[in-house]
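my_file04.cif (mmCIF, C-alpha atoms) appears below.
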```
data_target
loop_
_atom_site.label_atom_id
_atom_site.label_comp_id
_atom_site.auth_asym_id
_atom_site.auth_seq_id
_atom_site.Cartn_x
_atom_site.Cartn_y
_atom_site.Cartn_z
CA MET A 1 5.18 18.56 -104.20
CA ASN A 2 8.26 16.45 -103.43
CA MET A 3 7.79 17.01 -99.72
CA ASN A 4 4.06 16.33 -99.50
CA PRO A 5 1.57 15.54 -102.31
CA ALA A 6 -1.12 17.41 -100.33
CA PHE A 7 0.71 20.64 -101.25
CA THR A 8 -0.28 20.13 -104.89
CA ARG A 9 -2.19 23.28 -105.92
CA PHE A 10 -1.74 24.66 -102.36
CA PHE A 11 -1.34 28.27 -103.50
CA ASN A 12 -3.31 31.30 -104.67
CA GLY A 13 -3.54 31.12 -108.45
CA ASP A 14 -4.54 28.90 -111.35
CA TYR A 15 -1.21 27.47 -112.52
CA ARG A 16 2.24 27.13 -110.98
CA VAL A 17 5.49 25.99 -112.58
CA GLY A 18 8.81 25.58 -110.80
CA ALA A 19 12.32 24.25 -111.21
CA ILE A 20 15.26 23.50 -108.89
CA TYR A 21 18.89 22.80 -109.71
CA ARG A 22 21.31 21.54 -107.05
CA SER A 23 25.05 20.87 -107.31
CA GLN A 24 26.53 19.12 -104.30
CA TRP A 25 30.06 18.54 -102.96
CA GLN A 26 32.04 20.44 -105.61
CA SER A 27 35.35 19.60 -103.93
CA VAL A 28 35.00 15.82 -104.31
CA PRO A 29 36.25 14.33 -107.62
CA VAL A 30 32.75 13.92 -109.12
CA PRO A 31 30.09 16.40 -107.94
CA TYR A 32 26.51 15.27 -107.40
CA SER A 33 23.81 17.13 -109.36
CA THR A 34 20.03 17.14 -109.12
CA ILE A 35 17.28 18.79 -111.15
CA SER A 36 13.57 18.92 -110.34
CA MET A 37 10.72 20.39 -112.40
CA SER A 38 7.01 20.62 -111.63
CA GLY A 39 3.73 21.99 -112.93
CA GLU A 40 0.35 22.30 -111.21
CA THR A 41 -3.19 23.41 -111.92
CA ARG A 42 -6.66 23.08 -110.46
CA ILE A 43 -10.11 22.04 -111.54
CA ARG A 44 -13.42 22.56 -109.78
CA PRO A 45 -15.93 19.70 -110.04
CA SER A 46 -19.24 20.84 -111.49
CA SER A 47 -21.05 19.51 -108.42
CA GLU A 48 -18.96 21.66 -106.05
CA LYS A 49 -19.12 25.41 -105.40
CA LYS A 50 -15.91 25.83 -103.41
CA ASP A 51 -13.97 22.55 -103.23
CA MET A 52 -11.12 22.10 -105.69
CA VAL A 53 -9.04 19.30 -107.15
CA GLY A 54 -5.33 19.89 -107.69
CA LEU A 55 -3.39 18.12 -110.44
CA GLY A 56 0.35 18.15 -110.94
CA LEU A 57 3.31 16.57 -112.71
CA LEU A 58 6.71 16.18 -111.07
CA PHE A 59 10.05 15.20 -112.62
CA ASN A 60 13.31 14.54 -110.73
CA ASN A 61 16.72 13.50 -112.03
CA ASP A 62 19.87 12.88 -109.99
CA ARG A 63 23.42 11.92 -111.00
CA ALA A 64 26.17 10.97 -108.57
CA GLY A 65 29.70 9.59 -108.51
CA ASP A 66 32.17 8.15 -111.03
CA ALA A 67 29.70 5.52 -112.25
CA ARG A 68 27.05 8.23 -112.78
CA TYR A 69 24.65 6.47 -110.46
CA GLY A 70 21.33 8.02 -111.37
CA THR A 71 17.75 8.29 -110.20
CA THR A 72 14.98 9.39 -112.55
CA GLN A 73 11.45 9.89 -111.21
CA PHE A 74 8.19 10.88 -112.85
CA TYR A 75 5.18 11.42 -110.58
CA MET A 76 1.53 12.28 -111.14
CA ASN A 77 0.13 14.24 -108.19
CA GLY A 78 -3.46 14.75 -107.12
CA SER A 79 -5.03 16.59 -104.20
CA TYR A 80 -8.47 17.51 -102.91
CA LEU A 81 -8.76 20.93 -101.25
CA TYR A 82 -11.61 21.81 -98.94
CA PRO A 83 -12.07 25.42 -97.72
CA ALA A 84 -13.65 25.03 -94.28
CA LYS A 85 -14.53 28.76 -94.16
CA GLU A 86 -16.20 30.92 -96.78
CA ASP A 87 -13.19 33.25 -96.99
CA SER A 88 -10.81 30.24 -97.35
CA SER A 89 -8.93 31.30 -94.23
CA LEU A 90 -9.07 27.66 -93.12
CA LEU A 91 -8.07 25.17 -95.80
CA PHE A 92 -7.64 21.41 -95.66
CA SER A 93 -5.98 19.25 -98.28
CA MET A 94 -5.41 15.54 -98.87
CA GLY A 95 -3.13 14.33 -101.63
CA ALA A 96 -1.47 11.34 -103.23
CA ASN A 97 1.00 10.69 -105.98
CA ILE A 98 2.09 7.68 -107.93
CA GLY A 99 5.33 7.49 -109.82
CA ILE A 100 7.54 5.45 -112.06
CA CYS A 101 11.18 5.51 -110.94
CA GLN A 102 14.39 4.23 -112.44
CA VAL A 103 17.78 3.81 -110.78
CA GLY A 104 20.96 2.66 -112.46
CA PHE A 105 24.64 3.17 -113.16
CA ASP A 106 27.03 3.22 -116.11
CA TYR A 107 28.92 -0.07 -115.95
CA ASN A 108 31.44 1.10 -118.57
CA ARG A 109 32.71 3.84 -116.26
CA MET A 110 33.67 1.37 -113.53
CA THR A 111 37.02 -0.37 -112.98
CA PHE A 112 37.66 -3.50 -110.92
CA ASP A 113 40.64 -5.20 -109.26
CA ASN A 114 40.52 -8.11 -111.73
CA GLN A 115 41.30 -5.71 -114.59
CA TYR A 116 44.75 -4.87 -113.16
CA ASP A 117 47.58 -7.29 -113.88
CA GLY A 118 49.80 -5.84 -111.17
CA LEU A 119 51.31 -3.16 -113.39
CA ASN A 120 48.71 -1.97 -115.88
CA TYR A 121 44.96 -1.67 -116.30
CA ASN A 122 43.36 -3.72 -119.08
CA ARG A 123 39.73 -2.88 -119.88
CA THR A 124 39.25 -6.07 -121.93
CA THR A 125 40.00 -8.31 -118.95
CA SER A 126 36.96 -9.85 -117.24
CA THR A 127 35.78 -7.86 -114.24
CA GLY A 128 34.86 -10.89 -112.17
CA GLU A 129 31.58 -9.17 -111.26
CA ASN A 130 28.09 -10.37 -112.10
CA PHE A 131 25.15 -7.96 -112.26
CA ASN A 132 21.78 -9.23 -113.43
CA TRP A 133 21.12 -5.73 -114.74
CA THR A 134 22.49 -2.19 -114.36
CA GLN A 135 19.12 -0.43 -114.31
CA PHE A 136 16.09 -1.11 -112.16
CA ASN A 137 12.53 0.23 -112.44
CA TYR A 138 9.98 0.39 -109.67
CA ALA A 139 6.65 2.02 -108.84
CA ASP A 140 6.29 4.40 -105.91
CA PHE A 141 3.23 5.60 -103.99
CA ASN A 142 2.99 8.45 -101.45
CA LEU A 143 0.23 10.06 -99.36
CA GLY A 144 -0.12 13.35 -97.49
CA MET A 145 -2.43 15.74 -95.70
CA ALA A 146 -2.09 19.43 -94.91
CA ALA A 147 -3.93 22.37 -93.36
CA GLN A 148 -3.57 26.14 -93.57
CA TYR A 149 -5.08 28.77 -91.28
CA ILE A 150 -4.83 32.51 -91.87
CA LEU A 151 -5.62 34.67 -88.84
CA ASN A 152 -6.81 38.23 -89.42
CA ARG A 153 -5.28 38.12 -92.93
CA LYS A 154 -1.86 38.43 -91.30
CA GLN A 155 -0.58 35.35 -89.50
CA ARG A 156 -0.41 32.14 -91.55
CA PHE A 157 -0.07 28.67 -90.06
CA VAL A 158 0.66 25.62 -92.23
CA LEU A 159 0.98 22.03 -91.05
CA GLY A 160 1.52 18.92 -93.17
CA PHE A 161 2.10 15.20 -92.69
CA SER A 162 3.24 12.75 -95.36
CA VAL A 163 4.06 9.07 -95.82
CA HIS A 164 6.39 8.08 -98.66
CA HIS A 165 7.25 4.72 -100.26
CA LEU A 166 4.14 2.99 -98.92
CA THR A 167 4.84 -0.12 -100.97
CA SER A 168 8.45 -0.38 -99.70
CA PRO A 169 9.79 -1.06 -103.20
CA VAL A 170 12.78 -3.36 -103.61
CA ILE A 171 15.83 -1.84 -105.32
CA THR A 172 18.35 -4.49 -106.29
CA TYR A 173 20.80 -5.42 -109.06
CA GLN A 174 21.26 -8.99 -107.91
CA GLY A 175 17.73 -10.37 -108.29
CA ASN A 176 17.03 -10.64 -104.54
CA ASP A 177 14.63 -8.80 -102.24
CA LEU A 178 17.10 -7.80 -99.50
CA SER A 179 17.32 -4.08 -100.37
CA LYS A 180 13.99 -2.43 -99.63
CA LEU A 181 13.31 1.30 -99.65
CA ASP A 182 12.05 2.03 -96.14
CA THR A 183 8.82 3.97 -95.62
CA LYS A 184 9.53 7.64 -94.87
CA PHE A 185 7.42 9.80 -92.57
CA GLY A 186 7.54 13.57 -92.94
CA THR A 187 6.26 16.52 -90.91
CA TYR A 188 6.33 20.14 -92.07
CA ALA A 189 5.25 23.27 -90.17
CA GLN A 190 5.34 26.94 -91.16
CA PHE A 191 4.43 30.17 -89.38
CA VAL A 192 4.44 33.59 -91.06
CA THR A 193 3.69 36.86 -89.27
CA PRO A 194 4.40 40.55 -89.95
CA ILE A 195 6.64 42.36 -87.47
CA ASN A 196 6.04 45.78 -89.06
CA LEU A 197 4.45 47.23 -92.19
CA LYS A 198 7.28 46.11 -94.47
CA THR A 199 8.77 43.03 -92.84
CA ASP A 200 7.52 39.48 -92.27
CA ILE A 201 9.20 36.78 -90.27
CA VAL A 202 9.01 33.23 -91.64
CA ALA A 203 9.66 30.20 -89.43
CA GLU A 204 9.70 26.65 -90.78
CA LEU A 205 10.40 23.17 -89.49
CA LEU A 206 10.95 19.97 -91.47
CA TYR A 207 11.34 16.56 -89.85
CA ASN A 208 11.77 13.28 -91.74
CA ARG A 209 12.19 9.76 -90.41
CA GLN A 210 13.11 6.80 -92.62
CA GLY A 211 14.05 3.48 -91.07
CA LYS A 212 16.61 4.23 -88.35
CA TYR A 213 17.55 7.63 -89.83
CA ASN A 214 16.25 11.08 -88.87
CA GLU A 215 16.47 14.49 -90.52
CA PHE A 216 15.63 17.65 -88.56
CA ILE A 217 15.76 21.07 -90.29
CA PRO A 218 14.58 24.29 -88.56
CA HIS A 219 14.56 27.52 -90.59
CA ALA A 220 14.02 31.23 -89.94
CA SER A 221 14.09 34.13 -92.39
CA LEU A 222 13.04 37.74 -92.84
CA LYS A 223 11.03 38.92 -95.85
CA TYR A 224 11.30 42.66 -96.58
CA TYR A 225 8.81 44.27 -98.96
CA LEU A 226 10.28 46.84 -101.33
CA ARG A 227 6.82 47.54 -102.80
CA LYS A 228 3.82 45.81 -101.31
CA ASP A 229 1.48 46.88 -104.11
CA ALA A 230 3.68 44.97 -106.61
CA ASN A 231 4.49 42.13 -104.18
CA GLU A 232 8.18 42.96 -104.58
CA ALA A 233 10.28 41.65 -101.72
CA VAL A 234 13.67 40.25 -100.77
CA MET A 235 14.22 37.39 -98.34
CA ALA A 236 17.21 36.14 -96.36
CA GLY A 237 17.36 33.34 -93.83
CA LEU A 238 19.23 30.54 -92.16
CA SER A 239 18.54 26.82 -91.82
CA PHE A 240 20.28 24.12 -89.86
CA ARG A 241 20.35 20.44 -90.79
CA ALA A 242 21.11 18.74 -87.49
CA LYS A 243 24.60 17.14 -87.33
CA ASP A 244 25.20 17.93 -91.00
CA ALA A 245 25.11 21.50 -92.33
CA VAL A 246 24.23 25.16 -91.94
CA ILE A 247 22.22 26.46 -94.90
CA LEU A 248 22.20 30.08 -96.10
CA ARG A 249 19.16 31.05 -98.14
CA GLY A 250 18.10 34.15 -100.04
CA GLY A 251 15.37 35.03 -102.51
CA TYR A 252 13.55 37.68 -104.51
CA THR A 253 9.82 38.01 -105.25
CA PHE A 254 8.16 40.22 -107.85
CA LYS A 255 4.44 39.93 -108.54
CA ASN A 256 3.89 36.23 -109.40
CA PHE A 257 7.56 35.33 -109.84
CA GLN A 258 9.88 34.03 -107.15
CA GLY A 259 13.51 32.99 -107.39
CA GLY A 260 16.32 32.33 -104.99
CA MET A 261 19.35 30.34 -104.00
CA SER A 262 20.82 28.53 -101.04
CA TYR A 263 24.23 27.22 -100.01
CA ASP A 264 25.04 24.41 -97.58
CA ILE A 265 28.12 24.73 -95.38
CA ASN A 266 29.03 21.19 -94.44
CA LEU A 267 29.70 20.55 -90.73
CA SER A 268 29.63 16.75 -90.67
CA LYS A 269 32.57 14.32 -90.49
CA PHE A 270 32.65 14.40 -94.29
CA THR A 271 34.55 17.72 -94.09
CA ALA A 272 37.83 15.91 -94.80
CA ALA A 273 36.60 15.38 -98.37
CA THR A 274 34.38 18.42 -98.82
CA ASN A 275 36.52 21.13 -97.15
CA ARG A 276 33.20 22.32 -95.65
CA ARG A 277 31.75 22.81 -99.12
CA GLY A 278 28.24 21.48 -99.28
CA ALA A 279 25.67 22.22 -101.97
CA PHE A 280 24.63 25.15 -104.13
CA GLU A 281 20.97 25.29 -105.10
CA ILE A 282 18.91 27.66 -107.24
CA TYR A 283 15.15 27.70 -107.75
CA VAL A 284 12.47 29.58 -109.71
CA ILE A 285 8.68 29.59 -109.27
CA HIS A 286 6.06 31.30 -111.42
CA ILE A 287 2.32 31.50 -110.69
CA LEU A 288 -0.13 32.26 -113.48
CA PHE A 289 -3.74 33.44 -113.39
CA LYS A 290 -6.44 32.90 -115.95
CA ASN A 291 -8.04 35.91 -117.60
CA TYR A 292 -11.62 35.61 -116.48
CA GLN A 293 -14.13 37.55 -118.59
CA THR A 294 -17.06 39.15 -116.84
CA VAL A 295 -20.28 38.69 -118.78
CA ILE A 296 -22.66 41.60 -118.21
CA LYS A 297 -26.22 40.44 -118.20
CA LYS A 298 -28.57 42.88 -119.94
CA LYS A 299 -32.15 43.32 -118.92
CA PRO A 300 -34.73 44.99 -121.14
CA CYS A 301 -36.05 48.28 -119.81
CA PRO A 302 -39.79 48.67 -120.37
CA VAL A 303 -40.93 51.74 -122.29
CA PHE A 304 -43.81 53.56 -120.71
CA MET A 305 -46.10 55.59 -122.93
#
```

Translate the structure of the given file into structure tokens.
Amino acid sequence: MNMNPAFTRFFNGDYRVGAIYRSQWQSVPVPYSTISMSGETRIRPSSEKKDMVGLGLLFNNDRAGDARYGTTQFYMNGSYLYPAKEDSSLLFSMGANIGICQVGFDYNRMTFDNQYDGLNYNRTTSTGENFNWTQFNYADFNLGMAAQYILNRKQRFVLGFSVHHLTSPVITYQGNDLSKLDTKFGTYAQFVTPINLKTDIVAELLYNRQGKYNEFIPHASLKYYLRKDANEAVMAGLSFRAKDAVILRGGYTFKNFQGGMSYDINLSKFTAATNRRGAFEIYVIHILFKNYQTVIKKKPCPVFM
């Protein structure tokens, strides 16, 4: 849902809840931490027999650095899913989300040159700095589209495109409009295929472009089924964030529950501070199904004399 609003309700089930926790750069004086939580469901318009509407809520919170610079986001997601085939082997989705975001820092945690008299630090001395405010709120709007094709109930292809920060919101603490959040364009592709009765190979690709910056992340992993009838499997794989990090990833699936973790090994020029320690991340996902009751229609049986 963070990556593409079209992936809202893009799963087999009625409800899905998930959470991610990430702790980054443990070797620097103040680690960066992020938490994300989401919930999704679907509704089917009364006028439609197969099309569905996905609804979701998304919450993100991030804290970084000595001044506890933070980002808090709350998004409402919506998507429209159209099965192009009766068996839903070909599925199209379009989605959007709108959010209220807040960024800010703790001014009381900061120290400035003016507060040193040459020998000692004096908190009561004027900082010499002037901030109009230390928190800033803005609205955000994102769009996306996605498609999924399942071939012979085995191979799965997924492709998605997204556009983030369409309104290019201004984020500033000085009352000007010089600091705009550039529009971000994202592309995601996935291919899943079995290589034998118990093993699937999963290949993914994520590419983001924002302003003059690019992010390119290919991924490959193996998923081994311990018990296919219970959907119990383990997964291990490797990702590479170009010019930045190698990412180790592992996970476990049982029925409708999935959990896992990943670890970034930093390869960028920031290694002098990080000692090649990147980020540790853990995630959980749970899919729920409604209990549908089958109503048996009774027909009277005529009695013949």

Provide the atom CA of A:Lys154 to atom CA of A:Pro218 distance in Å, to one decimal place.
-> 21.9 Å

Leaving out A:Thr167 and any residue of its chain fewer than 3 positions from it, which residues lie within 12 Å of it when counting all atoms listed in the file, given as a list in words?
->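 The contact residues come out as Ile98, Gly99, Tyr138, Ala139, Asp140, Phe141, Asn142, Leu143, Val163, His164, Val170, Ile171, Lys180, Leu181, Asp182, Thr183 and Lys184 of chain A.
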
Please evaluate the PyMOL selection byres ((chain A and resi 78) around 6) against the structure above and give the resulting residues as a compact mmCIF listing (two decimals) with C-alpha atoms, keeping the file's coordinate frame.
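Below is the file result_7.txt, written as the result:
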```
# COMPACT_ATOMS: atom_id res chain seq x y z
CA GLY A 54 -5.33 19.89 -107.69
CA LEU A 55 -3.39 18.12 -110.44
CA ASN A 77 0.13 14.24 -108.19
CA SER A 79 -5.03 16.59 -104.20
CA GLY A 95 -3.13 14.33 -101.63
CA ALA A 96 -1.47 11.34 -103.23
```

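Across the chains present, the PyMOL selection byres ((chain A and resi 38) around 9) applied to this file returns Met1, Arg16, Val17, Gly18, Ala19, Ser36, Met37, Gly39, Glu40, Gly56, Leu57, Leu58, Phe59 and Asn60 of chain A.
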
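Proximity of A:Asn130, A:Thr125, A:Gln24, A:Gln135 to A:Thr274, computed with all atoms listed in the file, is greatest for A:Gln24.
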
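The coordinates place atom CA of A:Ile20 at 25.3 Å from atom CA of A:Leu81.
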
Could you please give me, as a ChimeraX atom specification, the residues of protein, DNA or RNA lying at most 12 Å from (26.8, 23.5, -89.5) in the coordinate frame of the file, considering all atoms listed in the file?
-> /A:217,238-248,263-271,276-278

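Atom CA of A:Tyr225 to atom CA of A:Asn4 spans 28.3 Å [interatomic distance, one decimal].
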
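Shell of A:Ala189 at 6 Å, with all atoms listed in the file counted and residues fewer than 4 places along the chain excluded, is Val158, Leu159, Glu204 and Leu205 of chain A.
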
So, counting only C-alpha atoms, which residue among A:Glu232, A:Gln115, A:Ser262, A:Asn256 is closest to A:Leu288?
->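 Using only C-alpha atoms, A:Leu288 sits closest to A:Asn256.
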
Leaving out A:Lys223 and any residue of its chain fewer than 3 positions from it, which residues lie within 8 Å of it when counting all atoms listed in the file, given as a list in words?
->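 Everything that qualifies: Thr199, Asp200, Ile201, Val202, Ala233, Val234, Met235 and Ala236 of chain A.
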
Apply the PyMOL selection byres ((chain A and resi 44) around 12) to the file shown and report the selected residues as a PyMOL selection string.
-> chain A and resi 9+14+41-43+45-55+79-82

Give me, as a CSV table (one decimal) with C-alpha atoms, keeping the file's coordinate frame, all polymer residues having an atom no more than 6 Å from stretch 27-34 of chain A, counting all atoms listed in the file and skipping those fewer than 5 positions away in the same chain.
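Result written to selection.csv:
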```csv
chain,number,residue,atom,x,y,z
A,21,TYR,CA,18.9,22.8,-109.7
A,22,ARG,CA,21.3,21.5,-107.0
A,61,ASN,CA,16.7,13.5,-112.0
A,62,ASP,CA,19.9,12.9,-110.0
A,63,ARG,CA,23.4,11.9,-111.0
A,64,ALA,CA,26.2,11.0,-108.6
A,65,GLY,CA,29.7,9.6,-108.5
A,274,THR,CA,34.4,18.4,-98.8
```

Of A:Tyr173, A:Thr187, A:Thr72, A:Asn114, the one sitting nearest A:Phe131 when using all atoms listed in the file is A:Tyr173

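Nearest to A:Phe10 of all the residues A:Ser162, A:Thr253, A:Thr111, A:Gln148 is A:Gln148, counting all atoms listed in the file.
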
With distances taken over only C-alpha atoms, which of A:Pro5, A:Gly118, A:Pro194, A:Gly251 is nearest to A:Gly144?
->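 The shortest atom-to-atom distance to A:Gly144 comes from A:Pro5.
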
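Selection around (11.7, 31.6, -107.5) with radius 6 Å, counting only C-alpha atoms, yields the residues Gln258, Gly259, Gly260, Tyr283, Val284 and Ile285 of chain A.
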